[in-house]
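J.: data20.pdb is the file, holding PDB, C-alpha atoms, pLDDT in the B column:
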MODEL        1
ATOM      1  CA  MET A   1     -15.357   8.366 -14.269  1.00 76.00           C
ATOM      2  CA  SER A   2     -13.234   9.460 -11.300  1.00 90.00           C
ATOM      3  CA  LEU A   3     -10.114   7.597 -10.237  1.00 94.00           C
ATOM      4  CA  LEU A   4     -11.841   6.591  -7.019  1.00 95.00           C
ATOM      5  CA  GLN A   5     -14.832   5.117  -8.814  1.00 95.00           C
ATOM      6  CA  GLU A   6     -12.518   3.259 -11.199  1.00 94.00           C
ATOM      7  CA  TRP A   7     -10.643   1.818  -8.193  1.00 95.00           C
ATOM      8  CA  ARG A   8     -13.817   0.788  -6.396  1.00 95.00           C
ATOM      9  CA  ASP A   9     -15.333  -0.817  -9.511  1.00 95.00           C
ATOM     10  CA  TRP A  10     -12.118  -2.705 -10.234  1.00 94.00           C
ATOM     11  CA  ALA A  11     -11.123  -3.697  -6.664  1.00 95.00           C
ATOM     12  CA  TYR A  12     -14.543  -4.567  -5.304  1.00 94.00           C
ATOM     13  CA  GLY A  13     -15.333  -6.389  -8.511  1.00 94.00           C
ATOM     14  CA  GLN A  14     -12.662  -8.953  -7.623  1.00 94.00           C
ATOM     15  CA  ASP A  15     -14.216 -12.278  -6.698  1.00 94.00           C
ATOM     16  CA  THR A  16     -12.578 -13.255  -3.410  1.00 92.00           C
ATOM     17  CA  ARG A  17     -13.939 -16.776  -3.798  1.00 94.00           C
ATOM     18  CA  GLN A  18     -11.569 -17.193  -6.748  1.00 95.00           C
ATOM     19  CA  ARG A  19      -7.790 -17.498  -6.448  1.00 95.00           C
ATOM     20  CA  ALA A  20      -7.228 -14.426  -8.634  1.00 95.00           C
ATOM     21  CA  GLY A  21      -9.362 -12.261  -6.328  1.00 94.00           C
ATOM     22  CA  GLN A  22      -7.584 -13.562  -3.243  1.00 95.00           C
ATOM     23  CA  LEU A  23      -4.193 -12.858  -4.820  1.00 96.00           C
ATOM     24  CA  PHE A  24      -5.314  -9.367  -5.828  1.00 96.00           C
ATOM     25  CA  TRP A  25      -6.212  -8.440  -2.238  1.00 96.00           C
ATOM     26  CA  ALA A  26      -3.150 -10.147  -0.731  1.00 95.00           C
ATOM     27  CA  ASN A  27      -0.961  -8.161  -3.126  1.00 95.00           C
ATOM     28  CA  TYR A  28      -2.782  -4.918  -2.322  1.00 96.00           C
ATOM     29  CA  PHE A  29      -2.535  -5.459   1.446  1.00 96.00           C
ATOM     30  CA  ASN A  30       1.223  -6.084   1.152  1.00 96.00           C
ATOM     31  CA  MET A  31       1.678  -2.847  -0.813  1.00 96.00           C
ATOM     32  CA  GLU A  32      -0.508  -0.981   1.676  1.00 96.00           C
ATOM     33  CA  LYS A  33       1.575  -2.328   4.560  1.00 97.00           C
ATOM     34  CA  GLU A  34       4.803  -1.064   2.961  1.00 97.00           C
ATOM     35  CA  VAL A  35       3.348   2.419   2.457  1.00 96.00           C
ATOM     36  CA  TYR A  36       2.173   2.573   6.077  1.00 97.00           C
ATOM     37  CA  LYS A  37       5.644   1.525   7.239  1.00 97.00           C
ATOM     38  CA  GLN A  38       7.055   4.543   5.395  1.00 96.00           C
ATOM     39  CA  LEU A  39       4.433   6.925   6.778  1.00 96.00           C
ATOM     40  CA  LEU A  40       4.751   5.688  10.351  1.00 96.00           C
ATOM     41  CA  ALA A  41       8.557   5.710  10.225  1.00 95.00           C
ATOM     42  CA  ASN A  42       8.412   9.438   9.347  1.00 92.00           C
ATOM     43  CA  PRO A  43       5.585  10.685  11.614  1.00 91.00           C
ATOM     44  CA  ASP A  44       6.513  14.364  11.412  1.00 90.00           C
ATOM     45  CA  LYS A  45       6.747  14.449   7.629  1.00 92.00           C
ATOM     46  CA  ILE A  46       3.677  15.784   5.865  1.00 90.00           C
ATOM     47  CA  TRP A  47       3.472  14.018   2.527  1.00 94.00           C
ATOM     48  CA  GLU A  48       2.078  16.346  -0.097  1.00 96.00           C
ATOM     49  CA  GLY A  49       1.960  16.321  -3.873  1.00 96.00           C
ATOM     50  CA  THR A  50      -0.103  15.231  -6.819  1.00 97.00           C
ATOM     51  CA  VAL A  51      -1.697  11.800  -6.630  1.00 96.00           C
ATOM     52  CA  LYS A  52       0.608  10.620  -9.412  1.00 97.00           C
ATOM     53  CA  ASP A  53       3.788  11.976  -7.753  1.00 97.00           C
ATOM     54  CA  LEU A  54       2.979  10.646  -4.274  1.00 96.00           C
ATOM     55  CA  ALA A  55       2.168   7.221  -5.697  1.00 96.00           C
ATOM     56  CA  LYS A  56       5.591   7.171  -7.335  1.00 96.00           C
ATOM     57  CA  GLU A  57       7.356   8.515  -4.219  1.00 96.00           C
ATOM     58  CA  LEU A  58       5.713   5.881  -2.014  1.00 96.00           C
ATOM     59  CA  GLY A  59       6.348   3.094  -4.524  1.00 95.00           C
ATOM     60  CA  MET A  60       2.788   2.214  -5.536  1.00 96.00           C
ATOM     61  CA  GLU A  61       1.090   1.987  -8.887  1.00 95.00           C
ATOM     62  CA  LEU A  62      -1.403   4.818  -9.327  1.00 95.00           C
ATOM     63  CA  LYS A  63      -4.513   2.618  -9.301  1.00 94.00           C
ATOM     64  CA  TYR A  64      -3.461   0.943  -6.043  1.00 96.00           C
ATOM     65  CA  PHE A  65      -2.492   4.264  -4.490  1.00 97.00           C
ATOM     66  CA  VAL A  66      -6.032   5.524  -5.110  1.00 96.00           C
ATOM     67  CA  GLY A  67      -7.252   2.595  -2.999  1.00 96.00           C
ATOM     68  CA  PHE A  68      -4.741   3.537  -0.304  1.00 97.00           C
ATOM     69  CA  LEU A  69      -6.033   7.141  -0.325  1.00 97.00           C
ATOM     70  CA  ASP A  70      -9.575   5.834   0.002  1.00 96.00           C
ATOM     71  CA  GLY A  71      -8.564   3.836   3.067  1.00 95.00           C
ATOM     72  CA  ILE A  72      -6.586   6.525   4.891  1.00 96.00           C
ATOM     73  CA  ASN A  73      -8.828   9.499   4.124  1.00 96.00           C
ATOM     74  CA  ASP A  74     -10.927   9.233   7.322  1.00 95.00           C
ATOM     75  CA  SER A  75      -7.745   9.291   9.424  1.00 95.00           C
ATOM     76  CA  LEU A  76      -6.331  12.487   7.952  1.00 95.00           C
ATOM     77  CA  VAL A  77      -6.291  15.836   9.727  1.00 94.00           C
ATOM     78  CA  THR A  78      -7.853  17.327   6.599  1.00 94.00           C
ATOM     79  CA  PRO A  79      -9.524  14.771   4.289  1.00 95.00           C
ATOM     80  CA  ASN A  80      -8.599  14.893   0.613  1.00 95.00           C
ATOM     81  CA  PRO A  81     -11.189  15.441  -2.152  1.00 94.00           C
ATOM     82  CA  ILE A  82     -10.993  11.791  -3.167  1.00 94.00           C
ATOM     83  CA  GLU A  83     -14.411  11.633  -4.803  1.00 94.00           C
ATOM     84  CA  GLU A  84     -13.411  13.937  -7.656  1.00 93.00           C
ATOM     85  CA  MET A  85      -9.603  13.613  -7.753  1.00 95.00           C
ATOM     86  CA  ASP A  86      -7.588  12.850 -10.834  1.00 95.00           C
ATOM     87  CA  GLU A  87      -3.890  12.032 -11.088  1.00 95.00           C
ATOM     88  CA  ASP A  88      -2.935  15.731 -10.981  1.00 96.00           C
ATOM     89  CA  THR A  89      -4.977  16.551  -7.856  1.00 95.00           C
ATOM     90  CA  VAL A  90      -2.766  17.715  -4.988  1.00 96.00           C
ATOM     91  CA  VAL A  91      -3.301  15.613  -1.875  1.00 97.00           C
ATOM     92  CA  LYS A  92      -1.856  15.804   1.608  1.00 96.00           C
ATOM     93  CA  LEU A  93      -1.163  12.909   3.965  1.00 96.00           C
ATOM     94  CA  GLU A  94      -1.117  14.474   7.419  1.00 95.00           C
ATOM     95  CA  TYR A  95      -2.643  11.870   9.699  1.00 94.00           C
ATOM     96  CA  ASP A  96      -3.916  11.831  13.264  1.00 94.00           C
ATOM     97  CA  LYS A  97      -1.968   8.971  14.900  1.00 95.00           C
ATOM     98  CA  GLU A  98      -4.680   7.927  17.336  1.00 96.00           C
ATOM     99  CA  LYS A  99      -7.458   8.187  14.781  1.00 96.00           C
ATOM    100  CA  LEU A 100      -5.410   6.159  12.289  1.00 96.00           C
ATOM    101  CA  TYR A 101      -4.742   3.417  14.838  1.00 97.00           C
ATOM    102  CA  TYR A 102      -8.407   3.380  15.904  1.00 96.00           C
ATOM    103  CA  ASN A 103      -9.579   3.138  12.278  1.00 96.00           C
ATOM    104  CA  MET A 104      -7.136   0.296  11.576  1.00 96.00           C
ATOM    105  CA  VAL A 105      -8.594  -1.626  14.512  1.00 96.00           C
ATOM    106  CA  GLU A 106     -12.102  -0.885  13.244  1.00 94.00           C
ATOM    107  CA  ALA A 107     -11.151  -2.238   9.804  1.00 94.00           C
ATOM    108  CA  LYS A 108      -9.749  -5.374  11.482  1.00 94.00           C
ATOM    109  CA  ALA A 109      -6.444  -4.674   9.711  1.00 95.00           C
ATOM    110  CA  GLU A 110      -4.144  -6.418  12.184  1.00 95.00           C
ATOM    111  CA  TRP A 111      -1.348  -6.435   9.581  1.00 95.00           C
ATOM    112  CA  LEU A 112      -1.391  -2.634   9.969  1.00 96.00           C
ATOM    113  CA  TYR A 113      -2.148  -1.931  13.625  1.00 96.00           C
ATOM    114  CA  GLU A 114       0.415  -4.533  14.695  1.00 96.00           C
ATOM    115  CA  LEU A 115       3.276  -2.900  12.749  1.00 96.00           C
ATOM    116  CA  GLU A 116       6.344  -2.380  14.937  1.00 96.00           C
ATOM    117  CA  GLU A 117       6.505   1.265  13.774  1.00 96.00           C
ATOM    118  CA  TRP A 118       3.628   1.991  16.165  1.00 96.00           C
ATOM    119  CA  ASP A 119       5.953   1.312  19.119  1.00 95.00           C
ATOM    120  CA  SER A 120       7.632   4.704  18.745  1.00 94.00           C
ATOM    121  CA  LEU A 121       4.387   6.592  18.011  1.00 95.00           C
ATOM    122  CA  LEU A 122       1.935   5.439  20.665  1.00 95.00           C
ATOM    123  CA  SER A 123       2.641   3.742  23.972  1.00 95.00           C
ATOM    124  CA  GLU A 124       1.551   0.152  24.370  1.00 95.00           C
ATOM    125  CA  GLU A 125      -0.933   1.318  27.012  1.00 96.00           C
ATOM    126  CA  ARG A 126      -2.466   3.930  24.706  1.00 96.00           C
ATOM    127  CA  ARG A 127      -2.767   1.429  21.867  1.00 96.00           C
ATOM    128  CA  ALA A 128      -4.512  -0.979  24.254  1.00 95.00           C
ATOM    129  CA  GLU A 129      -6.906   1.819  25.311  1.00 96.00           C
ATOM    130  CA  LEU A 130      -7.698   2.713  21.690  1.00 95.00           C
ATOM    131  CA  TYR A 131      -8.172  -0.967  20.834  1.00 95.00           C
ATOM    132  CA  LYS A 132     -10.563  -1.468  23.741  1.00 94.00           C
ATOM    133  CA  GLU A 133     -12.393   1.793  22.972  1.00 93.00           C
ATOM    134  CA  GLN A 134     -12.941   0.789  19.350  1.00 93.00           C
ATOM    135  CA  LYS A 135     -14.029  -2.757  20.167  1.00 89.00           C
ATOM    136  CA  SER A 136     -16.508  -1.561  22.792  1.00 87.00           C
ATOM    137  CA  SER A 137     -17.920   1.111  20.458  1.00 84.00           C
ATOM    138  CA  GLY A 138     -19.685  -1.579  18.455  1.00 71.00           C
ATOM    139  CA  THR A 139     -20.939  -3.476  21.486  1.00 64.00           C
ATOM    140  CA  ILE A 140     -24.612  -3.066  22.265  1.00 67.00           C
ATOM    141  CA  VAL A 141     -25.258  -3.011  25.980  1.00 67.00           C
ATOM    142  CA  LYS A 142     -28.828  -3.782  26.983  1.00 73.00           C
ATOM    143  CA  GLU A 143     -30.162  -1.903  29.956  1.00 76.00           C
ATOM    144  CA  LYS A 144     -30.917  -4.016  32.982  1.00 81.00           C
ATOM    145  CA  LYS A 145     -34.615  -4.720  33.115  1.00 82.00           C
ATOM    146  CA  PRO A 146     -36.151  -3.908  36.502  1.00 84.00           C
ATOM    147  CA  GLY A 147     -37.044  -6.882  38.697  1.00 86.00           C
ATOM    148  CA  ARG A 148     -40.688  -7.642  39.463  1.00 84.00           C
ATOM    149  CA  ASN A 149     -40.461  -6.148  42.955  1.00 90.00           C
ATOM    150  CA  ASP A 150     -38.264  -3.148  42.062  1.00 88.00           C
ATOM    151  CA  PRO A 151     -39.784   0.335  42.019  1.00 90.00           C
ATOM    152  CA  CYS A 152     -41.200   1.120  38.579  1.00 89.00           C
ATOM    153  CA  PRO A 153     -38.806   3.288  36.505  1.00 86.00           C
ATOM    154  CA  CYS A 154     -41.737   5.455  35.372  1.00 88.00           C
ATOM    155  CA  GLY A 155     -41.751   7.116  38.791  1.00 87.00           C
ATOM    156  CA  SER A 156     -45.253   6.095  39.886  1.00 89.00           C
ATOM    157  CA  GLY A 157     -44.032   4.747  43.207  1.00 89.00           C
ATOM    158  CA  LYS A 158     -45.599   1.343  42.517  1.00 90.00           C
ATOM    159  CA  LYS A 159     -43.747  -1.923  42.144  1.00 90.00           C
ATOM    160  CA  TYR A 160     -42.785  -2.684  38.560  1.00 88.00           C
ATOM    161  CA  LYS A 161     -45.003  -5.801  38.492  1.00 87.00           C
ATOM    162  CA  ARG A 162     -48.074  -3.706  39.437  1.00 88.00           C
ATOM    163  CA  CYS A 163     -47.339  -0.863  36.985  1.00 90.00           C
ATOM    164  CA  CYS A 164     -45.446  -0.977  33.685  1.00 87.00           C
ATOM    165  CA  GLY A 165     -44.538  -4.651  34.101  1.00 80.00           C
ATOM    166  CA  MET A 166     -48.121  -5.749  33.657  1.00 78.00           C
ATOM    167  CA  ASN A 167     -48.865  -7.365  30.342  1.00 60.00           C
TER     168      ASN A 167
ENDMDL
END
Using the file provided, produce a representation of the structure as structure tokens.
T.:
Amino acid sequence: MSLLQEWRDWAYGQDTRQRAGQLFWANYFNMEKEVYKQLLANPDKIWEGTVKDLAKELGMELKYFVGFLDGINDSLVTPNPIEEMDEDTVVKLEYDKEKLYYNMVEAKAEWLYELEEWDSLLSEERRAELYKEQKSSGTIVKEKKPGRNDPCPCGSGKKYKRCCGMN
């Protein structure tokens, strides 16, 4: 079984209705936050090494670091082969700042997209634009239905009520 599958089975098997499951995720999110602080504080550094070595360098246990890699992978310039990685797989953490911020908003991870380290990476205006862009991406906008006396959108030249609006 791959490290990623082990992580997913273990982490998503936690019952968040139970105190132990809630504590597990709270602990993970705190560790994740600390790793992101390090990455965002050194935006020009490209973190590269084996999964095991990077976990140690960033101060996370290996099993938790696999979860971190799973979460950040879609925000990387070049995604890592997380599906088949083992502890000796070389991974690279070169992230796209805007994509990372956007994905954090999408994940509703306010503890991450509200980190003060973002202040020096993206302007407040740009963060607001990305936030709005992400939030509106999931909004379904219904087209305005033509009024009874409007021209029919089919192009017949008739009023809507006399053409396609008839039941």
J.: What does the PyMOL selection byres ((chain A and resi 116-130) around 12) select in this file, as a PyMOL selection string?
T.: chain A and resi 33-44+96-106+110-115+131-137
J.: So, with only C-alpha atoms as the atoms that count, which of A:Tyr12, A:Phe65, A:Trp47, A:Tyr160 lies closest to Ile82 in chain A?
T.: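 Of the candidates, the smallest distance to Ile82 in chain A is held by A:Phe65.
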J.: For Met1 in chain A, find every residue with an atom within 12 Å (counting all atoms listed in the file), except residues of its own chain fewer than 5 positions away, and show them as a list of chain:residue names.
T.: A:Glu6, A:Trp7, A:Arg8, A:Asp9, A:Glu83, A:Glu84, A:Met85, A:Asp86
J.: Rounded to one decimal, what separation in Å do you get between CA of Cys164 in chain A and CA of Gly138 in chain A?
T.: 29.9 Å
J.: Choose the residue, out of A:Asp70, A:Asp150, A:Glu57, A:Glu94, that has the smallest atom-to-atom separation from Ala11 in chain A; count only C-alpha atoms.
T.: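 Among the listed residues, A:Asp70 lies closest to Ala11 in chain A.
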J.: Could you give me, as a list in words, the residues within 12 Å of Met166 in chain A, counting all atoms listed in the file and dropping anything in the same chain fewer than 5 positions from it?
T.: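 Here the qualifying residues turn out to be Arg148, Cys152, Lys158, Lys159, Tyr160 and Lys161 of chain A.
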J.: Kindly give the distance, in Å, that separates CA of Lys56 in chain A and CA of Ala107 in chain A, rounded to a single decimal.
T.: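 Between CA of Lys56 in chain A and CA of Ala107 in chain A the gap is 25.7 Å.
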J.: Specify as a list in words each residue included when the PyMOL selection byres ((chain A and resi 61) around 12) is applied to this file.
T.: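 Selected by the PyMOL selection byres ((chain A and resi 61) around 12) here: Trp7, Asn27, Tyr28, Met31, Glu32, Val35, Val51, Lys52, Asp53, Leu54, Ala55, Lys56, Glu57, Leu58, Gly59, Met60, Leu62, Lys63, Tyr64, Phe65, Val66, Gly67, Phe68 and Glu87 of chain A.
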J.: Enter the distance from CA of Glu48 in chain A to CA of Ala109 in chain A, in Å, rounded to one decimal.
T.: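 The value is 24.7 Å.
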J.: Under the rule that only C-alpha atoms are counted, which of A:Cys163, A:Ile72, A:Cys154, A:Leu4 is the nearest residue to Tyr95 in chain A?
T.: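 Closest candidate: A:Ile72.
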